Structures are given as structure tokens and as C-alpha cells.
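Novice: Just so it is clear, I am handing over start22.csv, which has CSV, C-alpha atoms.
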```csv
chain,number,residue,atom,x,y,z
F,1,MET,CA,-40.1,-52.9,-95.9
F,2,GLU,CA,-38.5,-49.6,-95.1
F,3,GLU,CA,-39.7,-46.3,-96.4
F,4,PRO,CA,-37.0,-44.8,-98.7
F,5,LYS,CA,-35.9,-41.2,-98.3
F,6,ASP,CA,-37.3,-38.4,-100.4
F,7,THR,CA,-40.3,-40.3,-101.5
F,8,SER,CA,-43.2,-38.7,-103.3
F,9,ALA,CA,-46.7,-38.5,-101.8
F,10,GLU,CA,-47.9,-41.1,-104.3
F,11,THR,CA,-45.1,-43.5,-103.4
F,12,LEU,CA,-45.9,-43.1,-99.7
F,13,GLU,CA,-49.5,-43.8,-100.4
F,14,GLU,CA,-48.6,-47.0,-102.3
F,15,LEU,CA,-46.3,-48.1,-99.4
F,16,THR,CA,-49.1,-47.5,-96.9
F,17,ARG,CA,-51.5,-49.5,-99.1
F,18,ILE,CA,-49.1,-52.4,-99.4
F,19,LYS,CA,-48.5,-52.6,-95.6
F,20,ALA,CA,-52.3,-52.7,-95.1
F,21,ALA,CA,-52.8,-55.3,-97.8
F,22,LEU,CA,-50.0,-57.5,-96.3
F,23,ALA,CA,-51.7,-57.1,-92.9
F,24,GLY,CA,-54.9,-58.6,-94.3
F,25,ASP,CA,-56.8,-55.5,-95.4
F,26,GLU,CA,-58.9,-56.8,-98.3
F,27,VAL,CA,-59.8,-53.3,-99.5
F,28,ALA,CA,-56.2,-52.4,-99.9
F,29,ALA,CA,-55.4,-55.7,-101.6
F,30,SER,CA,-58.2,-55.2,-104.1
F,31,ALA,CA,-57.0,-51.6,-104.8
F,32,ILE,CA,-53.6,-53.1,-105.7
F,33,ARG,CA,-54.9,-56.0,-107.7
F,34,CYS,CA,-57.5,-54.0,-109.5
F,35,PRO,CA,-58.9,-55.0,-113.0
F,36,GLU,CA,-57.0,-52.1,-114.6
F,37,ALA,CA,-53.7,-53.2,-113.1
F,38,ASN,CA,-54.3,-56.8,-114.2
F,39,SER,CA,-55.3,-55.8,-117.7
F,40,ARG,CA,-52.2,-53.6,-118.0
F,41,LEU,CA,-49.8,-56.3,-117.0
F,42,GLU,CA,-51.4,-58.8,-119.4
F,43,ALA,CA,-51.2,-56.3,-122.2
F,44,VAL,CA,-47.5,-55.6,-121.5
F,45,LEU,CA,-46.7,-59.3,-121.6
F,46,ARG,CA,-48.7,-59.9,-124.8
F,47,ASN,CA,-47.0,-56.9,-126.5
F,48,ARG,CA,-43.6,-58.4,-125.5
F,49,GLY,CA,-44.2,-61.8,-127.1
F,50,ALA,CA,-46.4,-63.8,-124.7
F,51,SER,CA,-49.5,-65.6,-125.8
F,52,ALA,CA,-52.9,-64.7,-124.2
F,53,THR,CA,-52.7,-67.8,-122.1
F,54,GLU,CA,-49.1,-67.2,-121.1
F,55,ALA,CA,-49.9,-63.6,-120.1
F,56,ARG,CA,-52.9,-64.7,-118.0
F,57,ASP,CA,-50.9,-67.5,-116.2
F,58,ILE,CA,-47.8,-65.3,-115.5
F,59,THR,CA,-50.0,-62.5,-114.2
F,60,ALA,CA,-52.0,-64.8,-112.0
F,61,ASP,CA,-48.9,-66.3,-110.5
F,62,LEU,CA,-47.4,-62.8,-109.9
F,63,TRP,CA,-50.5,-61.7,-108.0
F,64,ALA,CA,-50.5,-64.8,-105.9
F,65,ASP,CA,-46.8,-64.2,-105.0
F,66,CYS,CA,-47.5,-60.6,-104.2
F,67,PHE,CA,-49.6,-61.4,-101.1
F,68,ASP,CA,-48.7,-65.0,-100.2
F,69,SER,CA,-45.6,-66.7,-98.7
F,70,ARG,CA,-44.9,-69.8,-100.7
F,71,ASP,CA,-42.0,-72.2,-100.5
F,72,GLY,CA,-40.4,-70.2,-97.7
F,73,ARG,CA,-40.3,-67.0,-99.7
F,74,ARG,CA,-41.7,-63.8,-98.4
F,75,PRO,CA,-44.5,-62.0,-100.3
F,76,LEU,CA,-43.3,-60.2,-103.4
F,77,LEU,CA,-44.8,-56.9,-102.3
F,78,GLU,CA,-42.4,-56.8,-99.4
F,79,LYS,CA,-39.6,-56.4,-101.9
F,80,PHE,CA,-41.0,-53.1,-103.3
F,81,SER,CA,-38.5,-50.5,-102.3
F,82,GLY,CA,-40.4,-47.4,-103.2
F,83,LYS,CA,-37.9,-46.5,-106.0
F,84,GLY,CA,-40.3,-45.7,-108.8
F,85,SER,CA,-43.9,-46.7,-108.9
F,86,LEU,CA,-45.5,-49.9,-107.9
F,87,GLY,CA,-46.8,-50.3,-111.5
F,88,ALA,CA,-43.2,-50.1,-112.8
F,89,PHE,CA,-42.1,-52.7,-110.2
F,90,LEU,CA,-44.8,-55.1,-111.2
F,91,THR,CA,-44.1,-54.6,-114.9
F,92,ARG,CA,-40.4,-55.3,-114.4
F,93,THR,CA,-41.2,-58.4,-112.4
F,94,ALA,CA,-43.7,-59.7,-114.9
F,95,LEU,CA,-41.2,-59.2,-117.8
F,96,ASN,CA,-38.5,-61.0,-115.8
F,97,ARG,CA,-40.8,-63.9,-115.4
F,98,LEU,CA,-41.7,-63.9,-119.1
F,99,ILE,CA,-38.0,-64.0,-120.0
F,100,ASP,CA,-37.5,-66.9,-117.5
F,101,TYR,CA,-40.5,-68.7,-118.9
F,102,LYS,CA,-39.3,-68.4,-122.5
F,103,ARG,CA,-35.8,-69.5,-121.7
F,104,ARG,CA,-37.2,-72.6,-119.8
F,105,GLN,CA,-39.6,-73.3,-122.7
F,106,LYS,CA,-36.7,-73.1,-125.2
F,107,PHE,CA,-34.6,-75.4,-123.0
F,108,ARG,CA,-37.3,-78.0,-122.6
F,109,GLY,CA,-37.7,-78.2,-126.4
F,110,GLN,CA,-34.0,-79.3,-126.5
F,111,LEU,CA,-34.4,-82.0,-123.9
F,112,PRO,CA,-34.1,-85.6,-125.3
F,113,GLY,CA,-36.5,-88.4,-124.4
F,114,ASP,CA,-39.6,-86.4,-123.4
F,115,ARG,CA,-42.5,-88.7,-122.7
F,116,ASP,CA,-45.9,-88.0,-124.0
F,117,ASP,CA,-47.4,-88.8,-120.6
F,118,ALA,CA,-45.0,-86.6,-118.6
F,119,GLU,CA,-46.3,-83.7,-116.6
F,120,PRO,CA,-45.2,-80.3,-117.9
F,121,GLY,CA,-41.8,-79.4,-116.6
F,122,ASP,CA,-41.0,-82.9,-115.3
F,123,ALA,CA,-37.8,-83.3,-117.4
F,124,PHE,CA,-36.6,-79.8,-116.8
F,125,ASP,CA,-37.3,-79.7,-113.1
F,126,SER,CA,-35.6,-83.0,-112.5
F,127,LEU,CA,-32.3,-82.0,-114.1
F,128,PRO,CA,-29.4,-81.9,-111.7
F,129,GLY,CA,-26.7,-79.1,-111.7
F,130,LYS,CA,-26.8,-75.4,-111.9
F,131,ASP,CA,-29.6,-73.1,-112.8
F,132,LEU,CA,-29.9,-71.6,-116.2
F,133,PRO,CA,-27.6,-68.6,-116.8
F,134,GLY,CA,-29.0,-65.5,-115.2
F,135,GLU,CA,-31.9,-67.3,-113.5
F,136,SER,CA,-30.9,-66.1,-110.0
F,137,GLU,CA,-30.5,-62.4,-111.0
F,138,ASP,CA,-32.6,-59.7,-112.5
F,139,GLN,CA,-32.6,-61.0,-116.1
F,140,LEU,CA,-34.2,-58.0,-117.6
F,141,VAL,CA,-31.5,-55.7,-116.2
F,142,GLY,CA,-28.9,-58.1,-117.6
F,143,LEU,CA,-30.5,-57.9,-121.1
F,144,LEU,CA,-30.7,-54.1,-121.0
F,145,ARG,CA,-27.1,-53.8,-119.7
F,146,ASP,CA,-25.6,-56.2,-122.3
F,147,ALA,CA,-27.5,-54.5,-125.2
F,148,MET,CA,-26.5,-51.0,-124.3
F,149,LEU,CA,-22.8,-51.9,-123.6
F,150,ALA,CA,-22.7,-53.6,-127.0
F,151,ALA,CA,-24.1,-50.4,-128.6
F,152,PHE,CA,-21.6,-48.1,-126.8
F,153,THR,CA,-18.7,-50.4,-127.7
F,154,ALA,CA,-19.6,-50.3,-131.4
F,155,ILE,CA,-19.7,-46.5,-131.6
F,156,ASP,CA,-16.7,-44.4,-132.7
F,157,PRO,CA,-15.0,-43.3,-129.3
F,158,GLU,CA,-14.6,-39.7,-130.5
F,159,LYS,CA,-18.2,-39.3,-131.4
F,160,LEU,CA,-19.3,-40.9,-128.2
F,161,ALA,CA,-17.0,-38.5,-126.2
F,162,ILE,CA,-18.8,-35.5,-127.8
F,163,LEU,CA,-22.1,-37.0,-126.9
F,164,LYS,CA,-21.0,-37.5,-123.2
F,165,LEU,CA,-19.6,-34.0,-122.9
F,166,VAL,CA,-22.8,-32.4,-123.9
F,167,LYS,CA,-25.5,-34.8,-122.6
F,168,VAL,CA,-23.7,-36.2,-119.5
F,169,HIS,CA,-21.4,-33.4,-118.4
F,170,GLY,CA,-23.6,-30.5,-119.7
F,171,LEU,CA,-21.0,-28.6,-121.7
F,172,ASP,CA,-22.3,-26.1,-124.2
F,173,GLN,CA,-22.3,-27.3,-127.8
F,174,GLU,CA,-20.5,-24.2,-129.1
F,175,LEU,CA,-17.7,-24.8,-126.5
F,176,VAL,CA,-17.4,-28.5,-127.5
F,177,GLY,CA,-17.3,-27.4,-131.1
F,178,ARG,CA,-14.3,-25.2,-130.5
F,179,MET,CA,-12.5,-28.1,-128.9
F,180,TRP,CA,-12.9,-30.1,-132.1
F,181,ASN,CA,-12.8,-27.1,-134.4
F,182,TRP,CA,-16.3,-27.8,-135.4
F,183,SER,CA,-19.3,-25.6,-135.9
F,184,GLN,CA,-22.1,-25.8,-133.4
F,185,SER,CA,-24.4,-27.2,-136.0
F,186,LYS,CA,-21.9,-30.0,-136.8
F,187,VAL,CA,-21.8,-30.9,-133.1
F,188,SER,CA,-25.6,-31.0,-133.0
F,189,ARG,CA,-25.7,-33.2,-136.1
F,190,ASN,CA,-23.1,-35.5,-134.6
F,191,ILE,CA,-25.0,-35.9,-131.4
F,192,SER,CA,-28.3,-36.7,-133.2
F,193,ALA,CA,-26.5,-39.2,-135.4
F,194,VAL,CA,-24.8,-40.9,-132.4
F,195,MET,CA,-28.1,-41.1,-130.5
F,196,GLU,CA,-29.8,-42.7,-133.4
F,197,GLU,CA,-26.8,-45.1,-133.7
F,198,VAL,CA,-27.2,-46.0,-130.0
F,199,ARG,CA,-30.9,-46.6,-130.5
F,200,ALA,CA,-30.5,-48.8,-133.6
F,201,THR,CA,-27.5,-50.8,-132.3
F,202,THR,CA,-29.1,-51.3,-128.9
F,203,MET,CA,-32.3,-52.7,-130.3
F,204,ASN,CA,-30.5,-54.9,-132.8
F,205,GLU,CA,-28.4,-56.4,-130.0
F,206,LEU,CA,-31.5,-56.9,-127.9
F,207,GLN,CA,-33.1,-58.8,-130.7
F,208,ARG,CA,-30.0,-60.9,-131.2
F,209,ILE,CA,-29.9,-61.8,-127.5
F,210,ASP,CA,-33.6,-62.6,-127.2
F,211,PRO,CA,-35.4,-62.5,-130.6
F,212,TRP,CA,-38.8,-63.2,-129.1
F,213,LEU,CA,-38.7,-60.3,-126.7
F,214,GLU,CA,-40.7,-57.5,-128.5
F,215,LEU,CA,-39.5,-54.3,-126.8
F,216,ARG,CA,-39.8,-50.8,-128.4
F,217,TRP,CA,-37.1,-48.2,-127.8
F,218,GLU,CA,-39.6,-46.3,-125.6
F,219,ASP,CA,-40.0,-49.4,-123.5
F,220,PHE,CA,-36.2,-49.8,-123.3
F,221,VAL,CA,-35.7,-46.2,-122.1
F,222,GLU,CA,-38.4,-46.4,-119.5
F,223,LEU,CA,-37.1,-49.7,-118.1
F,224,CYS,CA,-33.6,-48.2,-117.9
F,225,LYS,CA,-35.0,-45.4,-115.9
F,226,GLN,CA,-36.7,-47.9,-113.5
F,227,SER,CA,-33.5,-49.9,-113.1
F,228,SER,CA,-31.2,-48.0,-110.8
F,229,ASP,CA,-28.8,-51.0,-110.7
F,230,LEU,CA,-28.4,-51.2,-114.5
F,231,PHE,CA,-24.6,-50.6,-114.4
F,232,GLY,CA,-23.9,-51.5,-110.7
```
Have the structure of the file written as C-alpha cells, please.
Specialist:
Amino acid sequence: MEEPKDTSAETLEELTRIKAALAGDEVAASAIRCPEANSRLEAVLRNRGASATEARDITADLWADCFDSRDGRRPLLEKFSGKGSLGAFLTRTALNRLIDYKRRQKFRGQLPGDRDDAEPGDAFDSLPGKDLPGESEDQLVGLLRDAMLAAFTAIDPEKLAILKLVKVHGLDQELVGRMWNWSQSKVSRNISAVMEEVRATTMNELQRIDPWLELRWEDFVELCKQSSDLFG
């Protein structure tokens, strides 16, 4: 686990604590897996459609994977890059696992010939062939990307161009208005309308893709900020 450049003091402290925990420091491990962090992860999962039992189980497995090497995989905490906070990293991982669990659960419900005495997951885990779509990648990033691309595709290109000129390229609204022979107030209204359209269309598309995933717009924006690989 390499330390990224230009990290904040808080991130460096988290990286130091992770190294100590992975080296067997119980105090450092307890500081990472504190009751507050555990409660926060469970709350995030419940707010996004998990039952209380599902939230507890997913969180417990996540903590176990953070510190232990299982099935030849290195501890999850070794994957923390320092881009963003550890809390954001754990939240994103937990949501990915919830998405994977729900997809598997839905798929199992469609399997024929389930036996009453079968162990949970027997039918699914014994199936040959490829993994479920997206199972090997960051599924949450895939959902965010697909929803936002659908929103941008649905918006009038001219209105979207005005938004990009002001918000992405930093052009003054009055200057942009002269390019379109619009008043500054009309440019401002257009930008507000397009941003609202992006929000509404994005959330509608997200619900269409995964209806059970209960994300608010604020959650979506925050997760996009955490996902540096959203469009790459």
C-alpha cells in the first residue's frame, strides 16, 4: 500500500493506522472498526434498501475481509489508496456488496428446481459459466456512470453546451449570453433548469436500472466525488 502524493494529514493518519492494524496492532484495528463506524455502515445499507439482518451480515463480512486474507485474497484495507477518506472507501465497498447481494438474490429467485433442504446459495454457486454482468468490476461506479450518461444523452445538446461553458470551462454568464444573444438572467435560468433536468433524469434512470437501490441525489453526488474512475 503506497502513500499517494499530496495527501492530507488526516489521510496520512488513516494510512498509518491501517498499516499498524494489518501488522497486528489491536488498538489500531479497534480504532478502525469502532462502534461508530460499524453503526454508520449499517445505517447506510439500511437506507439503501437492505434489511437490518442484511446490513449486519454485509457489514460483518466487510470487517472480516478488512483484516484477514481469505481464499487467497489480500486484506481489503490493503486496497485503500488514500484517495478520499477511509469512511468513503468502506461505504463504497459496502454498497457494492449490497448491489451484488441483491442481484444474486434476484437471480436465485429465478432458478428452477430449488430444493427445500438445499443450503442457501447451493443452486447459484454450482452454476457453470460466466459471472453475473458487472460482478468483477466496481458495480456502483457502473450504475452511476450509466445513469449519468443516460441523463446527459436525454438533454438538449444546446442547453447542455451552455451548462458546460459556464460550469466546466468557467466562462462568464454574460459572455455566454452574448454568444446566444440571450440575457444573463436567461442563461442563469437555463443553467438551473438543465441542472434540475440532470438530477431528475439521473435519479429516474438509476431507479430504472436498480429499483431497490434507495439513493438520494446528495448520495449520488458524494459517491461521484469519491469515484475518480467514474468515466475512465
Novice: With distances taken over only C-alpha atoms, which residue among F:His169, F:Arg56, F:Lys186, F:Lys159 lies nearest Ala94 (chain F)?
Specialist: F:Arg56
Novice: Using only C-alpha atoms, which protein or nucleic acid residues come within 12 Å of region 33-49 of chain F? Drop anything in the same chain fewer than 4 positions from it, and give the result as an NGL selection string.
Specialist: :F and (17-18 or 21 or 26-29 or 53-67 or 77 or 86-99 or 101-102 or 207 or 210-216 or 219-220)
Novice: Counting all atoms listed in the file, which residue out of F:Asp146, F:Glu205, F:Glu218, F:Asp68 sits closest to Gly24 (chain F)?
Specialist: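 Ranked by minimum distance to Gly24 (chain F), first place goes to F:Asp68.
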Novice: Smallest atom-to-atom distance to Ala50 (chain F): which of F:Thr153, F:Ser30, F:Gln105, F:Ser69, using all atoms listed in the file?
Specialist: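 Closest to Ala50 (chain F), using all atoms listed in the file: F:Gln105.
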Novice: Report the distance between CA of Leu175 (chain F) and CA of Leu163 (chain F) in Å, rounded to one decimal place.
Specialist: 13.0 Å
Novice: Find the spatial neighbours of Leu160 (chain F), counting all atoms listed in the file, within a cut-off of 10 Å - ignore same-chain residues fewer than 4 positions away - and output them as a VMD selection string.
Specialist: chain F and resid 152 to 156 164 to 165 190 to 191 194 to 195 198
Novice: To one decimal in Å, tell me the separation between CA of Arg199 (chain F) and CA of Pro157 (chain F).
Specialist: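 Taking CA of Arg199 (chain F) and CA of Pro157 (chain F), their separation equals 16.3 Å.
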Novice: Between F:Ser81, F:Ser192, F:Thr202, F:Ser183, which residue has the minimum interatomic distance to Leu12 (chain F), considering all atoms listed in the file?
Specialist: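 Looking at the shortest contact to Leu12 (chain F), the residue is F:Ser81.
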Novice: For Leu206 (chain F), which of F:Leu223, F:Ala150, F:Val168, F:Ala161 is the closest residue, counting all atoms listed in the file?
Specialist: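 For Leu206 (chain F), the nearest of the given residues is F:Ala150.
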Novice: One decimal, in Å: what's the spacing between CA of Glu14 (chain F) and CA of Arg73 (chain F)?
Specialist: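 These two atoms are separated by 21.8 Å.
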